[in-house]
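A.B. asks: Handing over protein.csv, CSV, C-alpha atoms.
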```
chain,number,residue,atom,x,y,z
O,22,MET,CA,40.6,-4.1,36.2
O,23,ILE,CA,37.4,-2.3,35.5
O,24,ILE,CA,37.4,1.0,33.6
O,25,ASN,CA,34.7,3.5,32.7
O,26,ILE,CA,35.1,5.4,29.5
O,27,TRP,CA,32.9,7.8,27.7
O,28,LEU,CA,33.3,6.5,24.1
O,29,ASN,CA,31.8,8.8,21.4
O,30,GLY,CA,29.4,10.2,24.0
O,31,ARG,CA,28.3,6.8,25.4
O,32,GLN,CA,29.5,5.6,28.8
O,33,LEU,CA,31.0,2.1,28.8
O,34,THR,CA,32.1,0.0,31.7
O,35,ARG,CA,34.4,-2.9,30.9
O,36,GLU,CA,36.7,-5.3,32.6
O,37,ILE,CA,40.1,-5.2,30.9
O,38,GLU,CA,43.6,-6.6,31.2
O,39,ALA,CA,46.0,-4.0,32.6
O,40,ASP,CA,48.1,-4.1,29.5
O,41,LEU,CA,45.3,-3.6,26.9
O,42,LEU,CA,46.1,-0.9,24.4
O,43,LEU,CA,43.5,1.7,23.7
O,44,ILE,CA,43.4,0.8,20.0
O,45,ASP,CA,42.4,-2.8,20.9
O,46,PHE,CA,39.8,-1.5,23.4
O,47,LEU,CA,38.3,0.8,20.7
O,48,ARG,CA,38.3,-1.9,18.0
O,49,ASN,CA,36.8,-4.4,20.4
O,50,ASN,CA,34.0,-1.9,21.0
O,51,GLY,CA,33.1,-1.3,17.3
O,52,CYS,CA,35.4,1.6,16.4
O,53,TYR,CA,36.9,0.3,13.2
O,54,SER,CA,38.0,3.7,11.9
O,55,VAL,CA,40.9,3.4,14.3
O,56,LYS,CA,43.6,1.6,12.3
O,57,ARG,CA,46.8,-0.2,13.1
O,58,GLY,CA,49.6,1.0,10.8
O,59,CYS,CA,53.2,1.0,12.0
O,60,GLU,CA,52.8,-0.1,15.6
O,61,THR,CA,55.7,2.2,16.4
O,62,SER,CA,53.8,5.4,17.2
O,63,ASN,CA,55.0,7.0,13.9
O,64,CYS,CA,52.2,7.0,11.4
O,65,GLY,CA,49.1,8.6,13.1
O,66,LEU,CA,46.6,6.1,11.7
O,67,CYS,CA,45.5,5.2,15.2
O,68,SER,CA,44.8,8.8,16.3
O,69,VAL,CA,41.8,9.4,18.5
O,70,LEU,CA,40.7,12.3,20.7
O,71,LEU,CA,41.3,11.8,24.4
O,72,GLU,CA,39.8,14.7,26.3
O,73,ASP,CA,39.8,16.7,23.0
O,74,LYS,CA,43.5,16.1,22.4
O,75,PRO,CA,44.9,13.8,19.7
O,76,VAL,CA,46.7,10.7,21.1
O,77,LEU,CA,48.1,7.6,19.5
O,78,SER,CA,45.9,4.8,20.6
O,79,CYS,CA,48.5,2.2,19.7
O,80,SER,CA,50.8,3.5,22.4
O,81,THR,CA,48.2,4.4,25.0
O,82,LEU,CA,47.0,2.0,27.6
O,83,ALA,CA,43.2,1.7,27.8
O,84,ALA,CA,43.5,2.2,31.5
O,85,ARG,CA,44.8,5.8,30.9
O,86,ALA,CA,41.3,6.6,29.4
O,87,ASP,CA,39.5,5.5,32.6
O,88,GLY,CA,36.9,8.2,33.5
O,89,LYS,CA,37.7,10.2,30.3
O,90,HIS,CA,36.1,11.1,27.0
O,91,VAL,CA,37.4,9.4,23.9
O,92,TYR,CA,36.2,10.2,20.4
O,93,THR,CA,36.8,8.3,17.2
O,94,LEU,CA,35.5,9.1,13.7
O,95,GLU,CA,32.4,7.1,14.5
O,96,GLY,CA,31.4,9.8,17.0
O,97,LEU,CA,32.4,12.7,14.8
O,98,GLN,CA,30.6,11.9,11.6
O,99,PRO,CA,29.1,15.3,10.7
O,100,GLN,CA,32.4,17.1,11.2
O,101,ALA,CA,34.3,14.3,9.4
O,102,GLU,CA,31.9,14.4,6.4
O,103,GLU,CA,32.2,18.2,6.2
O,104,PHE,CA,36.0,18.1,6.2
O,105,GLY,CA,36.0,15.1,3.8
O,106,SER,CA,34.2,17.1,1.2
O,107,PHE,CA,37.1,19.6,1.2
O,108,MET,CA,39.5,16.7,0.9
O,109,ALA,CA,37.6,15.3,-2.1
O,110,ASP,CA,37.4,18.7,-3.8
O,111,GLN,CA,41.1,19.0,-3.6
O,112,GLY,CA,41.9,15.5,-4.8
O,113,ALA,CA,43.3,14.6,-1.4
O,114,GLU,CA,41.4,11.4,-1.0
O,115,GLN,CA,43.7,8.7,-2.3
O,116,CYS,CA,43.3,5.2,-0.9
O,117,GLY,CA,41.7,6.6,2.3
O,118,PHE,CA,43.6,4.3,4.8
O,119,CYS,CA,45.3,7.2,6.6
O,120,SER,CA,42.3,9.5,6.4
O,121,PRO,CA,40.7,8.8,9.8
O,122,GLY,CA,43.8,9.7,11.7
O,123,LEU,CA,44.3,12.8,9.6
O,124,VAL,CA,40.7,13.9,10.1
O,125,ILE,CA,41.0,13.4,13.9
O,126,SER,CA,44.1,15.6,13.9
O,127,VAL,CA,42.5,18.3,11.8
O,128,LEU,CA,39.4,18.4,14.0
O,129,ALA,CA,41.7,18.8,17.1
O,130,MET,CA,43.8,21.4,15.4
O,131,GLU,CA,40.6,23.4,14.5
O,132,LYS,CA,39.8,23.7,18.2
O,133,GLU,CA,43.4,24.4,19.3
O,134,LEU,CA,44.9,26.8,16.7
O,135,ASN,CA,43.4,30.0,15.5
O,136,ASN,CA,44.2,30.9,11.9
O,137,PRO,CA,47.3,28.7,11.7
O,138,SER,CA,50.1,29.3,9.1
O,139,ASP,CA,51.2,26.6,6.7
O,140,GLU,CA,54.1,25.8,8.9
O,141,GLU,CA,51.9,25.5,12.0
O,142,ILE,CA,49.6,23.2,10.1
O,143,LYS,CA,52.5,21.1,8.9
O,144,GLU,CA,54.0,20.9,12.4
O,145,TYR,CA,50.6,20.0,14.0
O,146,LEU,CA,50.2,17.2,11.4
O,147,SER,CA,53.8,16.0,11.4
O,148,GLY,CA,52.8,12.6,12.9
O,149,SER,CA,50.1,11.9,10.3
O,150,LEU,CA,51.7,10.0,7.4
O,151,CYS,CA,50.2,9.3,4.0
O,152,ARG,CA,52.0,7.1,1.5
O,153,CYS,CA,49.7,8.0,-1.5
O,154,SER,CA,50.0,11.8,-1.6
O,155,GLY,CA,52.6,14.5,-1.6
O,156,TYR,CA,50.6,16.3,1.1
O,157,MET,CA,50.0,19.4,-1.1
O,158,SER,CA,46.3,18.6,-1.8
O,159,GLN,CA,45.8,17.8,1.9
O,160,LEU,CA,47.3,21.1,2.9
O,161,ARG,CA,45.0,23.0,0.4
O,162,ALA,CA,42.0,21.1,1.7
O,163,ILE,CA,42.9,21.9,5.4
O,164,LYS,CA,43.5,25.6,4.7
O,165,LEU,CA,40.2,25.9,2.8
O,166,TYR,CA,38.3,24.1,5.5
O,167,LEU,CA,39.8,26.2,8.3
O,168,ASP,CA,39.4,29.5,6.2
O,169,ARG,CA,35.7,28.6,5.7
O,170,LYS,CA,35.2,28.1,9.4
O,171,GLY,CA,36.8,31.4,10.1
O,172,ALA,CA,34.6,33.1,7.5
O,173,GLN,CA,31.5,31.6,9.0
O,174,GLU,CA,32.4,32.9,12.4
O,175,TYR,CA,33.1,36.3,11.0
O,176,GLU,CA,29.7,36.4,9.3
O,177,ARG,CA,27.9,35.6,12.6
O,178,ASN,CA,29.5,38.5,14.4
```
In structure tokens, how does this file's structure come out?
C.D. replies:
Amino acid sequence: MIINIWLNGRQLTREIEADLLLIDFLRNNGCYSVKRGCETSNCGLCSVLLEDKPVLSCSTLAARADGKHVYTLEGLQPQAEEFGSFMADQGAEQCGFCSPGLVISVLAMEKELNNPSDEEIKEYLSGSLCRCSGYMSQLRAIKLYLDRKGAQEYERN
């Protein structure tokens, strides 16, 4: 089957097998930030944005992305680097294996939730697992990042 996908702002037309997973399509097209972790849709390492919503690419068929926009960290470098500096400042960067999936989820949350509480942040990120941290440094980094965004918007108005 032939699919057309907008991958990180670039249109791709590819012939694929009907059972090809989105994670394999993305990695075959140079998106190595998308990682395979648990292969059971439980860890969040394979998270990408599909039409601005986080999805698990290990349990999404590539055919479901036909005609849609998909973003990985490769297409969101400026935003990822900005959030990454908050992670580093809070000591939240451990081994970094889970970071791409977490960053994708935080960038989606930033667009979706307005001034989220700690509980809303935890709920939104419940599918993003990290084996190196206790999540407290990540939560601090996320809150500071989102608070900074809110402060910037307030200053512009």
A.B. asks: Using all atoms listed in the file, find all polymer residues with an atom at most 12 Å away from the point (41.1, 26.8, 4.0); report them as a VMD selection string.
C.D. replies: chain O and resid 104 107 to 108 110 to 111 127 131 136 to 139 142 158 to 173
A.B. asks: Just to confirm, what's the straight-line distance from atom CA of Cys52 of chain O to atom CA of Glu141 of chain O in Å (one decimal)?
C.D. replies: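 Atom CA of Glu141 of chain O lies 29.4 Å from atom CA of Cys52 of chain O.
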A.B. asks: Using all atoms listed in the file, which residues sit within 7 Å of Asp87 of chain O once same-chain residues fewer than 3 positions away are excluded, as a ChimeraX atom specification?
C.D. replies: /O:24-26,84
A.B. asks: Name the closest residue to Val76 of chain O among the candidates O:Cys64, O:Ile23, O:Ile37, O:Ala113; distances are taken between atoms, counting all atoms listed in the file.
C.D. replies: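 When distances to Val76 of chain O are compared using all atoms listed in the file, the smallest one comes from O:Cys64.
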A.B. asks: Under the rule that all atoms listed in the file are counted, which of O:Leu134, O:Cys79, O:Ala129, O:Met157 is the nearest residue to Glu60 of chain O?
C.D. replies: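 Closest residue, counting all atoms listed in the file: O:Cys79.
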A.B. asks: Between O:Tyr145, O:Tyr92, O:Tyr53, O:Tyr156, single out the one closest to Leu28 of chain O, counting all atoms listed in the file.
C.D. replies: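 Comparing O:Tyr145, O:Tyr92, O:Tyr53, O:Tyr156 against Leu28 of chain O, the winner is O:Tyr92.
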A.B. asks: Could you tell me which of O:Cys59, O:Val69, O:Leu97, O:Leu43 comes closest to Gly30 of chain O if we count only C-alpha atoms?
C.D. replies: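 Among the listed residues, the smallest separation from Gly30 of chain O belongs to O:Leu97.
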A.B. asks: Point out the residue among O:Leu146, O:Ala101, O:Ala83, O:Met22 with the least atom-to-atom distance to Arg48 of chain O, counting all atoms listed in the file.
C.D. replies: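 Result for the nearest residue to Arg48 of chain O: O:Ala83.
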A.B. asks: Would you please work out which residue, of O:Leu77, O:Val124, O:Asn135, O:Cys67, is nearest to Glu103 of chain O when using all atoms listed in the file?
C.D. replies: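 Between O:Leu77, O:Val124, O:Asn135, O:Cys67, the residue approaching Glu103 of chain O most closely is O:Val124.
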A.B. asks: Near Leu70 of chain O, counting all atoms listed in the file, which residues have an atom at most 12 Å away, once you skip same-chain residues fewer than 5 positions from it, shown as a ChimeraX atom specification?
C.D. replies: /O:27-30,43-44,47,55,65,75-78,81,86,89-97,121-130,132
A.B. asks: Measure the distance from atom CA of Arg35 of chain O to atom CA of Ser54 of chain O in Å and round it to one decimal.
C.D. replies: 20.4 Å
A.B. asks: Provide the atom CA of Leu42 of chain O to atom CA of Ser80 of chain O distance in Å, to one decimal place.
C.D. replies: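 Atom CA of Ser80 of chain O lies 6.7 Å from atom CA of Leu42 of chain O.
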A.B. asks: Just segment 32-166 of chain O, please, as a CSV table (one decimal), in the first residue's frame (only C-alpha atoms).
C.D. replies:
```csv
chain,number,residue,atom,x,y,z
O,32,GLN,CA,6.0,15.2,2.8
O,33,LEU,CA,6.9,11.6,2.2
O,34,THR,CA,5.3,9.1,-0.1
O,35,ARG,CA,6.3,5.5,0.6
O,36,GLU,CA,5.1,2.0,-0.3
O,37,ILE,CA,4.7,-0.1,2.9
O,38,GLU,CA,3.4,-3.4,4.1
O,39,ALA,CA,-0.1,-3.1,5.6
O,40,ASP,CA,1.2,-4.3,9.0
O,41,LEU,CA,4.2,-1.9,9.3
O,42,LEU,CA,4.3,-0.2,12.7
O,43,LEU,CA,4.8,3.5,12.8
O,44,ILE,CA,8.0,3.2,14.9
O,45,ASP,CA,9.6,1.1,12.1
O,46,PHE,CA,8.4,3.5,9.4
O,47,LEU,CA,10.0,6.4,11.3
O,48,ARG,CA,13.3,4.7,12.1
O,49,ASN,CA,13.5,3.6,8.4
O,50,ASN,CA,13.2,7.2,7.5
O,51,GLY,CA,16.0,8.5,9.8
O,52,CYS,CA,14.1,9.3,13.0
O,53,TYR,CA,16.3,7.6,15.5
O,54,SER,CA,15.0,9.6,18.5
O,55,VAL,CA,12.0,7.2,18.4
O,56,LYS,CA,13.1,4.3,20.5
O,57,ARG,CA,11.8,0.8,21.1
O,58,GLY,CA,11.6,0.1,24.8
O,59,CYS,CA,9.0,-2.4,26.2
O,60,GLU,CA,7.1,-3.3,23.0
O,61,THR,CA,4.0,-3.5,25.1
O,62,SER,CA,2.8,0.1,24.9
O,63,ASN,CA,3.8,0.8,28.5
O,64,CYS,CA,6.9,2.8,28.6
O,65,GLY,CA,6.4,5.8,26.3
O,66,LEU,CA,9.9,5.7,24.7
O,67,CYS,CA,8.3,5.5,21.2
O,68,SER,CA,6.0,8.5,21.7
O,69,VAL,CA,5.6,10.8,18.7
O,70,LEU,CA,3.1,13.6,17.8
O,71,LEU,CA,0.4,12.5,15.4
O,72,GLU,CA,-1.7,15.6,14.5
O,73,ASP,CA,-0.3,17.3,17.6
O,74,LYS,CA,-1.4,14.4,19.9
O,75,PRO,CA,1.1,12.1,21.6
O,76,VAL,CA,0.8,8.5,20.3
O,77,LEU,CA,2.8,5.3,21.0
O,78,SER,CA,4.4,4.5,17.6
O,79,CYS,CA,5.1,0.9,18.7
O,80,SER,CA,1.4,0.2,18.7
O,81,THR,CA,0.2,2.4,15.8
O,82,LEU,CA,0.2,1.1,12.3
O,83,ALA,CA,2.0,3.4,9.8
O,84,ALA,CA,-1.1,3.3,7.6
O,85,ARG,CA,-3.0,5.2,10.3
O,86,ALA,CA,-0.7,8.2,9.7
O,87,ASP,CA,-1.6,8.3,6.0
O,88,GLY,CA,-2.3,11.9,5.1
O,89,LYS,CA,-1.4,13.2,8.5
O,90,HIS,CA,1.4,15.2,10.2
O,91,VAL,CA,3.9,13.3,12.4
O,92,TYR,CA,6.5,15.0,14.5
O,93,THR,CA,9.5,13.4,16.2
O,94,LEU,CA,12.3,15.1,18.2
O,95,GLU,CA,14.2,15.5,14.9
O,96,GLY,CA,11.5,18.0,13.8
O,97,LEU,CA,11.2,19.8,17.1
O,98,GLN,CA,14.9,20.5,17.9
O,99,PRO,CA,14.5,24.2,19.1
O,100,GLN,CA,11.7,23.3,21.5
O,101,ALA,CA,13.4,20.1,22.7
O,102,GLU,CA,16.7,22.0,23.4
O,103,GLU,CA,14.8,24.7,25.3
O,104,PHE,CA,13.1,22.1,27.5
O,105,GLY,CA,16.3,20.0,27.8
O,106,SER,CA,18.1,23.0,29.4
O,107,PHE,CA,15.4,22.9,32.2
O,108,MET,CA,15.9,19.2,32.6
O,109,ALA,CA,19.7,19.6,32.9
O,110,ASP,CA,19.4,22.5,35.4
O,111,GLN,CA,17.2,20.2,37.6
O,112,GLY,CA,19.5,17.2,37.3
O,113,ALA,CA,16.7,15.3,35.5
O,114,GLU,CA,19.0,14.1,32.6
O,115,GLN,CA,20.1,10.7,33.7
O,116,CYS,CA,21.0,8.2,31.0
O,117,GLY,CA,18.8,10.0,28.5
O,118,PHE,CA,17.2,6.9,26.9
O,119,CYS,CA,13.7,7.8,27.9
O,120,SER,CA,14.1,11.6,27.3
O,121,PRO,CA,12.8,11.8,23.7
O,122,GLY,CA,9.5,10.2,24.6
O,123,LEU,CA,9.2,12.4,27.7
O,124,VAL,CA,10.0,15.6,25.8
O,125,ILE,CA,7.4,14.7,23.1
O,126,SER,CA,4.8,14.3,25.9
O,127,VAL,CA,5.8,17.6,27.6
O,128,LEU,CA,5.6,19.5,24.3
O,129,ALA,CA,2.1,18.1,23.7
O,130,MET,CA,1.0,18.9,27.2
O,131,GLU,CA,2.2,22.4,26.9
O,132,LYS,CA,-0.2,23.0,24.0
O,133,GLU,CA,-3.1,21.1,25.6
O,134,LEU,CA,-3.1,22.0,29.3
O,135,ASN,CA,-3.1,25.6,30.7
O,136,ASN,CA,-1.3,26.0,34.0
O,137,PRO,CA,-1.6,22.3,35.0
O,138,SER,CA,-1.4,21.2,38.6
O,139,ASP,CA,1.2,18.6,39.8
O,140,GLU,CA,-1.4,15.9,39.6
O,141,GLU,CA,-2.5,16.9,36.1
O,142,ILE,CA,1.2,16.8,35.0
O,143,LYS,CA,1.7,13.4,36.6
O,144,GLU,CA,-1.5,12.0,35.0
O,145,TYR,CA,-0.5,13.4,31.6
O,146,LEU,CA,2.9,11.8,31.8
O,147,SER,CA,1.7,8.5,33.4
O,148,GLY,CA,2.8,6.5,30.4
O,149,SER,CA,6.4,7.9,30.3
O,150,LEU,CA,8.6,5.6,32.3
O,151,CYS,CA,12.1,6.4,33.5
O,152,ARG,CA,14.2,3.8,35.3
O,153,CYS,CA,17.0,6.2,36.4
O,154,SER,CA,15.1,8.8,38.3
O,155,GLY,CA,12.5,9.2,41.0
O,156,TYR,CA,10.6,11.7,38.8
O,157,MET,CA,11.0,14.6,41.2
O,158,SER,CA,13.7,16.4,39.2
O,159,GLN,CA,11.7,15.8,36.0
O,160,LEU,CA,8.5,17.3,37.7
O,161,ARG,CA,10.5,20.3,38.9
O,162,ALA,CA,11.9,20.9,35.4
O,163,ILE,CA,8.5,20.5,33.7
O,164,LYS,CA,6.9,23.0,36.2
O,165,LEU,CA,9.7,25.6,35.7
O,166,TYR,CA,9.5,25.2,31.9
```
